[in-house]
$ cat coords.cif   # mmCIF, C-alpha atoms, pLDDT in the B column; chains and numbers go by the auth columns
data_run
#
loop_
_atom_site.group_PDB
_atom_site.id
_atom_site.type_symbol
_atom_site.label_atom_id
_atom_site.label_comp_id
_atom_site.label_asym_id
_atom_site.label_seq_id
_atom_site.Cartn_x
_atom_site.Cartn_y
_atom_site.Cartn_z
_atom_site.B_iso_or_equiv
_atom_site.auth_seq_id
_atom_site.auth_asym_id
ATOM 1 C CA MET A 1 22.622 -53.260 5.550 68.00 1 A
ATOM 2 C CA SER A 2 23.333 -50.045 7.391 88.00 2 A
ATOM 3 C CA THR A 3 23.681 -48.957 10.992 92.00 3 A
ATOM 4 C CA ALA A 4 21.933 -45.691 10.090 92.00 4 A
ATOM 5 C CA VAL A 5 18.943 -47.552 8.641 93.00 5 A
ATOM 6 C CA ALA A 6 18.734 -49.864 11.666 93.00 6 A
ATOM 7 C CA SER A 7 18.930 -46.807 13.944 94.00 7 A
ATOM 8 C CA GLU A 8 16.041 -45.189 12.092 94.00 8 A
ATOM 9 C CA TYR A 9 13.933 -48.360 12.393 93.00 9 A
ATOM 10 C CA VAL A 10 14.668 -48.478 16.125 94.00 10 A
ATOM 11 C CA ARG A 11 13.928 -44.779 16.685 94.00 11 A
ATOM 12 C CA ARG A 12 10.577 -45.096 14.928 92.00 12 A
ATOM 13 C CA MET A 13 9.583 -48.213 16.855 92.00 13 A
ATOM 14 C CA VAL A 14 10.593 -46.718 20.209 93.00 14 A
ATOM 15 C CA GLU A 15 8.783 -43.457 19.440 91.00 15 A
ATOM 16 C CA ARG A 16 5.558 -45.284 18.691 88.00 16 A
ATOM 17 C CA GLU A 17 5.910 -47.762 21.560 88.00 17 A
ATOM 18 C CA THR A 18 6.463 -45.048 24.155 90.00 18 A
ATOM 19 C CA ALA A 19 3.395 -44.206 26.221 85.00 19 A
ATOM 20 C CA GLY A 20 4.716 -40.828 27.340 80.00 20 A
ATOM 21 C CA ASN A 21 7.489 -39.041 29.194 79.00 21 A
ATOM 22 C CA GLY A 22 9.530 -41.392 31.332 86.00 22 A
ATOM 23 C CA ASP A 23 8.486 -44.504 29.388 90.00 23 A
ATOM 24 C CA VAL A 24 11.410 -44.755 26.954 91.00 24 A
ATOM 25 C CA GLU A 25 13.341 -47.407 28.879 93.00 25 A
ATOM 26 C CA ASN A 26 10.180 -49.444 29.433 94.00 26 A
ATOM 27 C CA ALA A 27 9.328 -49.140 25.735 93.00 27 A
ATOM 28 C CA ILE A 28 12.804 -50.351 24.818 94.00 28 A
ATOM 29 C CA ARG A 29 12.463 -53.295 27.201 95.00 29 A
ATOM 30 C CA ARG A 30 9.083 -54.188 25.681 93.00 30 A
ATOM 31 C CA LEU A 31 10.502 -54.027 22.151 91.00 31 A
ATOM 32 C CA ALA A 32 13.580 -56.052 23.112 91.00 32 A
ATOM 33 C CA ARG A 33 11.451 -58.752 24.731 91.00 33 A
ATOM 34 C CA LYS A 34 8.885 -58.813 21.937 87.00 34 A
ATOM 35 C CA HIS A 35 11.431 -59.072 19.126 84.00 35 A
ATOM 36 C CA GLY A 36 14.280 -61.000 20.746 86.00 36 A
ATOM 37 C CA LEU A 37 16.716 -58.084 20.703 87.00 37 A
ATOM 38 C CA SER A 38 18.927 -56.853 23.517 90.00 38 A
ATOM 39 C CA PHE A 39 18.079 -53.757 25.532 94.00 39 A
ATOM 40 C CA TRP A 40 21.538 -52.269 24.950 93.00 40 A
ATOM 41 C CA GLN A 41 21.474 -53.014 21.250 90.00 41 A
ATOM 42 C CA ILE A 42 18.306 -50.938 20.937 92.00 42 A
ATOM 43 C CA MET A 43 19.608 -48.207 23.263 93.00 43 A
ATOM 44 C CA HIS A 44 22.856 -47.769 21.312 93.00 44 A
ATOM 45 C CA LEU A 45 21.101 -47.732 17.953 92.00 45 A
ATOM 46 C CA ARG A 46 18.461 -45.286 19.196 92.00 46 A
ATOM 47 C CA ALA A 47 21.123 -42.930 20.556 92.00 47 A
ATOM 48 C CA GLY A 48 23.241 -43.177 17.404 89.00 48 A
ATOM 49 C CA ARG A 49 26.179 -44.649 19.345 91.00 49 A
ATOM 50 C CA ALA A 50 26.358 -47.915 17.398 87.00 50 A
ATOM 51 C CA LYS A 51 29.321 -47.853 15.013 86.00 51 A
ATOM 52 C CA SER A 52 28.450 -51.094 13.275 87.00 52 A
ATOM 53 C CA ILE A 53 25.824 -53.805 13.255 89.00 53 A
ATOM 54 C CA THR A 54 25.982 -57.484 12.460 88.00 54 A
ATOM 55 C CA TYR A 55 23.987 -58.867 9.581 90.00 55 A
ATOM 56 C CA ASP A 56 21.897 -61.004 11.950 89.00 56 A
ATOM 57 C CA ALA A 57 21.093 -58.013 14.182 88.00 57 A
ATOM 58 C CA PHE A 58 20.137 -55.905 11.169 91.00 58 A
ATOM 59 C CA ILE A 59 17.832 -58.646 9.861 91.00 59 A
ATOM 60 C CA ALA A 60 16.232 -59.003 13.317 90.00 60 A
ATOM 61 C CA ILE A 61 15.648 -55.244 13.585 92.00 61 A
ATOM 62 C CA ARG A 62 14.324 -55.018 10.032 92.00 62 A
ATOM 63 C CA GLY A 63 11.986 -57.933 10.770 91.00 63 A
ATOM 64 C CA ALA A 64 10.817 -56.242 13.961 91.00 64 A
ATOM 65 C CA TYR A 65 10.127 -53.034 12.054 91.00 65 A
ATOM 66 C CA LEU A 66 8.191 -54.894 9.348 93.00 66 A
ATOM 67 C CA ASP A 67 6.196 -56.689 12.080 90.00 67 A
ATOM 68 C CA TYR A 68 5.410 -53.284 13.548 89.00 68 A
ATOM 69 C CA CYS A 69 4.305 -52.058 10.107 91.00 69 A
ATOM 70 C CA GLU A 70 2.034 -55.087 9.745 91.00 70 A
ATOM 71 C CA GLN A 71 0.456 -54.291 13.085 89.00 71 A
ATOM 72 C CA GLN A 72 -0.202 -50.703 12.005 90.00 72 A
ATOM 73 C CA ILE A 73 -1.712 -51.881 8.722 91.00 73 A
ATOM 74 C CA SER A 74 -3.956 -54.285 10.608 92.00 74 A
ATOM 75 C CA GLU A 75 -5.245 -51.424 12.754 90.00 75 A
ATOM 76 C CA LEU A 76 -5.750 -49.274 9.652 89.00 76 A
ATOM 77 C CA ARG A 77 -7.598 -52.131 7.942 88.00 77 A
ATOM 78 C CA LYS A 78 -10.036 -52.360 10.883 89.00 78 A
ATOM 79 C CA GLU A 79 -10.585 -48.598 10.835 86.00 79 A
ATOM 80 C CA VAL A 80 -11.230 -48.467 7.091 84.00 80 A
ATOM 81 C CA GLU A 81 -13.552 -51.489 7.251 81.00 81 A
ATOM 82 C CA GLU A 82 -15.637 -49.742 9.927 80.00 82 A
ATOM 83 C CA VAL A 83 -15.919 -46.571 7.856 76.00 83 A
ATOM 84 C CA ARG A 84 -16.564 -48.460 4.631 73.00 84 A
ATOM 85 C CA GLY A 85 -19.657 -49.993 6.156 73.00 85 A
ATOM 86 C CA ASN A 86 -21.157 -46.511 6.207 71.00 86 A
ATOM 87 C CA ASP A 87 -19.770 -45.145 2.937 73.00 87 A
ATOM 88 C CA ASP A 88 -19.048 -47.080 -0.277 72.00 88 A
ATOM 89 C CA ARG A 89 -16.659 -44.343 -1.408 74.00 89 A
ATOM 90 C CA PHE A 90 -14.060 -45.832 0.919 73.00 90 A
ATOM 91 C CA GLU A 91 -13.689 -48.956 -1.230 77.00 91 A
ATOM 92 C CA ASP A 92 -10.548 -47.498 -2.834 81.00 92 A
ATOM 93 C CA LEU A 93 -8.991 -47.112 0.614 83.00 93 A
ATOM 94 C CA VAL A 94 -9.623 -50.774 1.347 83.00 94 A
ATOM 95 C CA ASP A 95 -7.809 -51.683 -1.866 85.00 95 A
ATOM 96 C CA GLU A 96 -4.881 -49.413 -0.976 88.00 96 A
ATOM 97 C CA VAL A 97 -4.578 -50.879 2.509 89.00 97 A
ATOM 98 C CA GLU A 98 -4.538 -54.386 1.039 89.00 98 A
ATOM 99 C CA ALA A 99 -1.897 -53.361 -1.519 91.00 99 A
ATOM 100 C CA LEU A 100 0.253 -51.949 1.271 91.00 100 A
ATOM 101 C CA ALA A 101 -0.183 -55.128 3.312 91.00 101 A
ATOM 102 C CA SER A 102 0.939 -57.115 0.281 92.00 102 A
ATOM 103 C CA LYS A 103 4.079 -54.984 -0.082 93.00 103 A
ATOM 104 C CA ILE A 104 4.977 -55.561 3.573 92.00 104 A
ATOM 105 C CA ARG A 105 4.502 -59.325 3.155 90.00 105 A
ATOM 106 C CA GLN A 106 6.799 -59.219 0.113 91.00 106 A
ATOM 107 C CA ALA A 107 9.425 -57.247 2.036 90.00 107 A
ATOM 108 C CA LYS A 108 9.301 -59.790 4.848 86.00 108 A
ATOM 109 C CA GLY A 109 9.877 -62.576 2.332 85.00 109 A
ATOM 110 C CA ARG A 110 13.203 -61.155 1.171 69.00 110 A
#
$ encode --input "coords.cif" --output "structure tokens"
Amino acid sequence: MSTAVASEYVRRMVERETAGNGDVENAIRRLARKHGLSFWQIMHLRAGRAKSITYDAFIAIRGAYLDYCEQQISELRKEVEEVRGNDDRFEDLVDEVEALASKIRQAKGR
């Protein structure tokens, strides 16, 4: 459990949630609402101002990040499935996506 790790998770989620310039606060609000975190908790972690983090907050942020990863894998799975329909050489990619999805499920189970 580390404040630096939680900050990195938050920065990555905010970066990907942001629709463009001027959307950072809205992105943080969306993430806070979606994952049951506080706006200020995310803001302080994103800015590197958090000196410490509770175990429960770290677990919530880690869970939110793993949920985000699952969402990305789901989108990748759809993309690869579409391409695979046209080219059997993509079968290995399907297997890799499924292996990655399995690793995320295992990480969520910890």
$ closest_residue --input "coords.cif" --among "A:Arg11, A:Arg62, A:Arg30, A:Lys78" --to "Leu45 (chain A)" --atoms "only C-alpha atoms"
A:Arg11
$ residues_around --input "coords.cif" --residues "region 49-53 of chain A" --least-positions-apart "4" --cutoff "9 Å" --atoms "only C-alpha atoms" --output "short mmCIF file (atom, residue, chain, number, x, y, z; two decimals) with C-alpha atoms, in the frame of the given file"
data_model
loop_
_atom_site.label_atom_id
_atom_site.label_comp_id
_atom_site.auth_asym_id
_atom_site.auth_seq_id
_atom_site.Cartn_x
_atom_site.Cartn_y
_atom_site.Cartn_z
CA MET A 1 22.62 -53.26 5.55
CA SER A 2 23.33 -50.04 7.39
CA THR A 3 23.68 -48.96 10.99
CA ALA A 4 21.93 -45.69 10.09
CA ALA A 6 18.73 -49.86 11.67
CA SER A 7 18.93 -46.81 13.94
CA GLN A 41 21.47 -53.01 21.25
CA MET A 43 19.61 -48.21 23.26
CA HIS A 44 22.86 -47.77 21.31
CA LEU A 45 21.10 -47.73 17.95
CA ALA A 57 21.09 -58.01 14.18
CA PHE A 58 20.14 -55.90 11.17
#
$ residues_around --input "coords.cif" --residues "Ile104 (chain A)" --least-positions-apart "2" --cutoff "9 Å" --atoms "all atoms listed in the file" --output "ChimeraX atom specification"
/A:66-67,69-70,99-102,106-109
$ resolve_selection --input "coords.cif" --expression "the PyMOL selection byres ((chain A and resi 24-28) around 10)" --output "short mmCIF file (atom, residue, chain, number, x, y, z; two decimals) with C-alpha atoms, keeping the file's coordinate frame"
data_model
loop_
_atom_site.label_atom_id
_atom_site.label_comp_id
_atom_site.auth_asym_id
_atom_site.auth_seq_id
_atom_site.Cartn_x
_atom_site.Cartn_y
_atom_site.Cartn_z
CA VAL A 10 14.67 -48.48 16.12
CA ARG A 11 13.93 -44.78 16.68
CA MET A 13 9.58 -48.21 16.86
CA VAL A 14 10.59 -46.72 20.21
CA GLU A 15 8.78 -43.46 19.44
CA ARG A 16 5.56 -45.28 18.69
CA GLU A 17 5.91 -47.76 21.56
CA THR A 18 6.46 -45.05 24.16
CA ALA A 19 3.40 -44.21 26.22
CA GLY A 20 4.72 -40.83 27.34
CA ASN A 21 7.49 -39.04 29.19
CA GLY A 22 9.53 -41.39 31.33
CA ASP A 23 8.49 -44.50 29.39
CA ARG A 29 12.46 -53.30 27.20
CA ARG A 30 9.08 -54.19 25.68
CA LEU A 31 10.50 -54.03 22.15
CA ALA A 32 13.58 -56.05 23.11
CA ARG A 33 11.45 -58.75 24.73
CA LYS A 34 8.88 -58.81 21.94
CA LEU A 37 16.72 -58.08 20.70
CA SER A 38 18.93 -56.85 23.52
CA PHE A 39 18.08 -53.76 25.53
CA TRP A 40 21.54 -52.27 24.95
CA GLN A 41 21.47 -53.01 21.25
CA ILE A 42 18.31 -50.94 20.94
CA MET A 43 19.61 -48.21 23.26
CA ARG A 46 18.46 -45.29 19.20
#
$ atom_distance --input "coords.cif" --atom1 "CA of Ile61 (chain A)" --atom2 "CA of Leu93 (chain A)"
29.0 Å
$ atom_distance --input "coords.cif" --atom1 "CA of Val5 (chain A)" --atom2 "CA of Glu98 (chain A)"
25.6 Å
$ decode --input "coords.cif" --residues "region 27-74 of chain A" --atoms "N, CA and C atoms" --output "PDB file, in the first residue's frame"
ATOM      1  N   ALA A  27     -13.963  15.294 -14.969  1.00  0.00           N
ATOM      2  CA  ALA A  27     -13.495  13.908 -15.018  1.00  0.00           C
ATOM      3  C   ALA A  27     -13.314  13.371 -13.605  1.00  0.00           C
ATOM      4  N   ILE A  28     -12.760  14.188 -12.732  1.00  0.00           N
ATOM      5  CA  ILE A  28     -12.562  13.769 -11.344  1.00  0.00           C
ATOM      6  C   ILE A  28     -13.914  13.541 -10.667  1.00  0.00           C
ATOM      7  N   ARG A  29     -14.863  14.411 -10.920  1.00  0.00           N
ATOM      8  CA  ARG A  29     -16.205  14.222 -10.350  1.00  0.00           C
ATOM      9  C   ARG A  29     -16.840  12.929 -10.867  1.00  0.00           C
ATOM     10  N   ARG A  30     -16.682  12.657 -12.151  1.00  0.00           N
ATOM     11  CA  ARG A  30     -17.243  11.419 -12.716  1.00  0.00           C
ATOM     12  C   ARG A  30     -16.603  10.194 -12.065  1.00  0.00           C
ATOM     13  N   LEU A  31     -15.278  10.222 -11.935  1.00  0.00           N
ATOM     14  CA  LEU A  31     -14.576   9.092 -11.311  1.00  0.00           C
ATOM     15  C   LEU A  31     -14.982   8.930  -9.848  1.00  0.00           C
ATOM     16  N   ALA A  32     -15.081  10.024  -9.128  1.00  0.00           N
ATOM     17  CA  ALA A  32     -15.461   9.971  -7.713  1.00  0.00           C
ATOM     18  C   ALA A  32     -16.859   9.353  -7.567  1.00  0.00           C
ATOM     19  N   ARG A  33     -17.774   9.813  -8.380  1.00  0.00           N
ATOM     20  CA  ARG A  33     -19.153   9.309  -8.330  1.00  0.00           C
ATOM     21  C   ARG A  33     -19.207   7.833  -8.721  1.00  0.00           C
ATOM     22  N   LYS A  34     -18.525   7.493  -9.774  1.00  0.00           N
ATOM     23  CA  LYS A  34     -18.550   6.131 -10.313  1.00  0.00           C
ATOM     24  C   LYS A  34     -17.949   5.113  -9.346  1.00  0.00           C
ATOM     25  N   HIS A  35     -16.922   5.522  -8.611  1.00  0.00           N
ATOM     26  CA  HIS A  35     -16.183   4.576  -7.777  1.00  0.00           C
ATOM     27  C   HIS A  35     -16.343   4.816  -6.273  1.00  0.00           C
ATOM     28  N   GLY A  36     -17.210   5.735  -5.889  1.00  0.00           N
ATOM     29  CA  GLY A  36     -17.461   5.961  -4.474  1.00  0.00           C
ATOM     30  C   GLY A  36     -16.295   6.595  -3.733  1.00  0.00           C
ATOM     31  N   LEU A  37     -15.534   7.416  -4.423  1.00  0.00           N
ATOM     32  CA  LEU A  37     -14.400   8.115  -3.816  1.00  0.00           C
ATOM     33  C   LEU A  37     -14.770   9.581  -3.658  1.00  0.00           C
ATOM     34  N   SER A  38     -13.996  10.314  -2.863  1.00  0.00           N
ATOM     35  CA  SER A  38     -14.291  11.737  -2.722  1.00  0.00           C
ATOM     36  C   SER A  38     -13.517  12.541  -3.776  1.00  0.00           C
ATOM     37  N   PHE A  39     -14.123  13.643  -4.171  1.00  0.00           N
ATOM     38  CA  PHE A  39     -13.498  14.543  -5.143  1.00  0.00           C
ATOM     39  C   PHE A  39     -12.123  14.981  -4.647  1.00  0.00           C
ATOM     40  N   TRP A  40     -12.049  15.411  -3.376  1.00  0.00           N
ATOM     41  CA  TRP A  40     -10.792  15.935  -2.849  1.00  0.00           C
ATOM     42  C   TRP A  40      -9.740  14.856  -2.682  1.00  0.00           C
ATOM     43  N   GLN A  41     -10.174  13.675  -2.361  1.00  0.00           N
ATOM     44  CA  GLN A  41      -9.241  12.544  -2.263  1.00  0.00           C
ATOM     45  C   GLN A  41      -8.518  12.362  -3.607  1.00  0.00           C
ATOM     46  N   ILE A  42      -9.300  12.354  -4.676  1.00  0.00           N
ATOM     47  CA  ILE A  42      -8.723  12.188  -6.012  1.00  0.00           C
ATOM     48  C   ILE A  42      -7.855  13.384  -6.374  1.00  0.00           C
ATOM     49  N   MET A  43      -8.347  14.592  -6.083  1.00  0.00           N
ATOM     50  CA  MET A  43      -7.576  15.805  -6.414  1.00  0.00           C
ATOM     51  C   MET A  43      -6.213  15.800  -5.718  1.00  0.00           C
ATOM     52  N   HIS A  44      -6.189  15.495  -4.425  1.00  0.00           N
ATOM     53  CA  HIS A  44      -4.931  15.517  -3.682  1.00  0.00           C
ATOM     54  C   HIS A  44      -3.974  14.424  -4.162  1.00  0.00           C
ATOM     55  N   LEU A  45      -4.496  13.267  -4.458  1.00  0.00           N
ATOM     56  CA  LEU A  45      -3.632  12.198  -4.972  1.00  0.00           C
ATOM     57  C   LEU A  45      -3.094  12.568  -6.348  1.00  0.00           C
ATOM     58  N   ARG A  46      -3.954  13.095  -7.201  1.00  0.00           N
ATOM     59  CA  ARG A  46      -3.539  13.464  -8.561  1.00  0.00           C
ATOM     60  C   ARG A  46      -2.442  14.530  -8.532  1.00  0.00           C
ATOM     61  N   ALA A  47      -2.573  15.474  -7.618  1.00  0.00           N
ATOM     62  CA  ALA A  47      -1.607  16.578  -7.531  1.00  0.00           C
ATOM     63  C   ALA A  47      -0.361  16.202  -6.737  1.00  0.00           C
ATOM     64  N   GLY A  48      -0.347  15.019  -6.136  1.00  0.00           N
ATOM     65  CA  GLY A  48       0.805  14.606  -5.347  1.00  0.00           C
ATOM     66  C   GLY A  48       0.865  15.264  -3.979  1.00  0.00           C
ATOM     67  N   ARG A  49      -0.254  15.811  -3.512  1.00  0.00           N
ATOM     68  CA  ARG A  49      -0.290  16.496  -2.217  1.00  0.00           C
ATOM     69  C   ARG A  49      -0.638  15.566  -1.063  1.00  0.00           C
ATOM     70  N   ALA A  50      -1.111  14.365  -1.370  1.00  0.00           N
ATOM     71  CA  ALA A  50      -1.494  13.438  -0.295  1.00  0.00           C
ATOM     72  C   ALA A  50      -0.230  12.886   0.358  1.00  0.00           C
ATOM     73  N   LYS A  51      -0.153  13.009   1.671  1.00  0.00           N
ATOM     74  CA  LYS A  51       1.020  12.522   2.410  1.00  0.00           C
ATOM     75  C   LYS A  51       0.846  11.064   2.819  1.00  0.00           C
ATOM     76  N   SER A  52      -0.395  10.671   3.002  1.00  0.00           N
ATOM     77  CA  SER A  52      -0.677   9.292   3.396  1.00  0.00           C
ATOM     78  C   SER A  52      -2.048   8.902   2.853  1.00  0.00           C
ATOM     79  N   ILE A  53      -2.340   7.624   2.953  1.00  0.00           N
ATOM     80  CA  ILE A  53      -3.622   7.118   2.475  1.00  0.00           C
ATOM     81  C   ILE A  53      -4.036   5.971   3.385  1.00  0.00           C
ATOM     82  N   THR A  54      -5.311   5.904   3.666  1.00  0.00           N
ATOM     83  CA  THR A  54      -5.795   4.801   4.500  1.00  0.00           C
ATOM     84  C   THR A  54      -5.834   3.529   3.657  1.00  0.00           C
ATOM     85  N   TYR A  55      -5.824   2.431   4.356  1.00  0.00           N
ATOM     86  CA  TYR A  55      -5.898   1.128   3.674  1.00  0.00           C
ATOM     87  C   TYR A  55      -7.190   1.033   2.860  1.00  0.00           C
ATOM     88  N   ASP A  56      -8.307   1.435   3.456  1.00  0.00           N
ATOM     89  CA  ASP A  56      -9.592   1.355   2.756  1.00  0.00           C
ATOM     90  C   ASP A  56      -9.607   2.224   1.494  1.00  0.00           C
ATOM     91  N   ALA A  57      -9.035   3.423   1.583  1.00  0.00           N
ATOM     92  CA  ALA A  57      -8.986   4.305   0.411  1.00  0.00           C
ATOM     93  C   ALA A  57      -8.098   3.702  -0.674  1.00  0.00           C
ATOM     94  N   PHE A  58      -6.963   3.134  -0.254  1.00  0.00           N
ATOM     95  CA  PHE A  58      -6.075   2.509  -1.244  1.00  0.00           C
ATOM     96  C   PHE A  58      -6.781   1.359  -1.944  1.00  0.00           C
ATOM     97  N   ILE A  59      -7.468   0.513  -1.194  1.00  0.00           N
ATOM     98  CA  ILE A  59      -8.185  -0.623  -1.778  1.00  0.00           C
ATOM     99  C   ILE A  59      -9.273  -0.130  -2.725  1.00  0.00           C
ATOM    100  N   ALA A  60      -9.979   0.935  -2.365  1.00  0.00           N
ATOM    101  CA  ALA A  60     -11.020   1.491  -3.236  1.00  0.00           C
ATOM    102  C   ALA A  60     -10.417   2.015  -4.538  1.00  0.00           C
ATOM    103  N   ILE A  61      -9.293   2.718  -4.435  1.00  0.00           N
ATOM    104  CA  ILE A  61      -8.645   3.271  -5.630  1.00  0.00           C
ATOM    105  C   ILE A  61      -8.074   2.152  -6.494  1.00  0.00           C
ATOM    106  N   ARG A  62      -7.460   1.176  -5.874  1.00  0.00           N
ATOM    107  CA  ARG A  62      -6.937   0.028  -6.627  1.00  0.00           C
ATOM    108  C   ARG A  62      -8.070  -0.696  -7.334  1.00  0.00           C
ATOM    109  N   GLY A  63      -9.189  -0.882  -6.643  1.00  0.00           N
ATOM    110  CA  GLY A  63     -10.358  -1.524  -7.252  1.00  0.00           C
ATOM    111  C   GLY A  63     -10.894  -0.713  -8.421  1.00  0.00           C
ATOM    112  N   ALA A  64     -10.925   0.603  -8.253  1.00  0.00           N
ATOM    113  CA  ALA A  64     -11.385   1.477  -9.337  1.00  0.00           C
ATOM    114  C   ALA A  64     -10.466   1.359 -10.544  1.00  0.00           C
ATOM    115  N   TYR A  65      -9.164   1.306 -10.289  1.00  0.00           N
ATOM    116  CA  TYR A  65      -8.206   1.188 -11.390  1.00  0.00           C
ATOM    117  C   TYR A  65      -8.360  -0.160 -12.095  1.00  0.00           C
ATOM    118  N   LEU A  66      -8.539  -1.228 -11.328  1.00  0.00           N
ATOM    119  CA  LEU A  66      -8.734  -2.547 -11.940  1.00  0.00           C
ATOM    120  C   LEU A  66     -10.052  -2.601 -12.719  1.00  0.00           C
ATOM    121  N   ASP A  67     -11.096  -1.928 -12.217  1.00  0.00           N
ATOM    122  CA  ASP A  67     -12.352  -1.832 -12.973  1.00  0.00           C
ATOM    123  C   ASP A  67     -12.109  -1.128 -14.303  1.00  0.00           C
ATOM    124  N   TYR A  68     -11.334  -0.045 -14.233  1.00  0.00           N
ATOM    125  CA  TYR A  68     -10.998   0.694 -15.453  1.00  0.00           C
ATOM    126  C   TYR A  68     -10.241  -0.210 -16.433  1.00  0.00           C
ATOM    127  N   CYS A  69      -9.299  -0.994 -15.913  1.00  0.00           N
ATOM    128  CA  CYS A  69      -8.542  -1.915 -16.766  1.00  0.00           C
ATOM    129  C   CYS A  69      -9.464  -2.944 -17.413  1.00  0.00           C
ATOM    130  N   GLU A  70     -10.420  -3.441 -16.646  1.00  0.00           N
ATOM    131  CA  GLU A  70     -11.391  -4.397 -17.196  1.00  0.00           C
ATOM    132  C   GLU A  70     -12.191  -3.777 -18.333  1.00  0.00           C
ATOM    133  N   GLN A  71     -12.563  -2.536 -18.157  1.00  0.00           N
ATOM    134  CA  GLN A  71     -13.310  -1.831 -19.200  1.00  0.00           C
ATOM    135  C   GLN A  71     -12.473  -1.717 -20.476  1.00  0.00           C
ATOM    136  N   GLN A  72     -11.201  -1.378 -20.320  1.00  0.00           N
ATOM    137  CA  GLN A  72     -10.315  -1.256 -21.474  1.00  0.00           C
ATOM    138  C   GLN A  72     -10.131  -2.605 -22.172  1.00  0.00           C
ATOM    139  N   ILE A  73     -10.010  -3.666 -21.387  1.00  0.00           N
ATOM    140  CA  ILE A  73      -9.856  -4.999 -21.954  1.00  0.00           C
ATOM    141  C   ILE A  73     -11.116  -5.400 -22.706  1.00  0.00           C
ATOM    142  N   SER A  74     -12.262  -5.045 -22.167  1.00  0.00           N
ATOM    143  CA  SER A  74     -13.526  -5.344 -22.837  1.00  0.00           C
ATOM    144  C   SER A  74     -13.593  -4.665 -24.206  1.00  0.00           C
TER     145      SER A  74
END
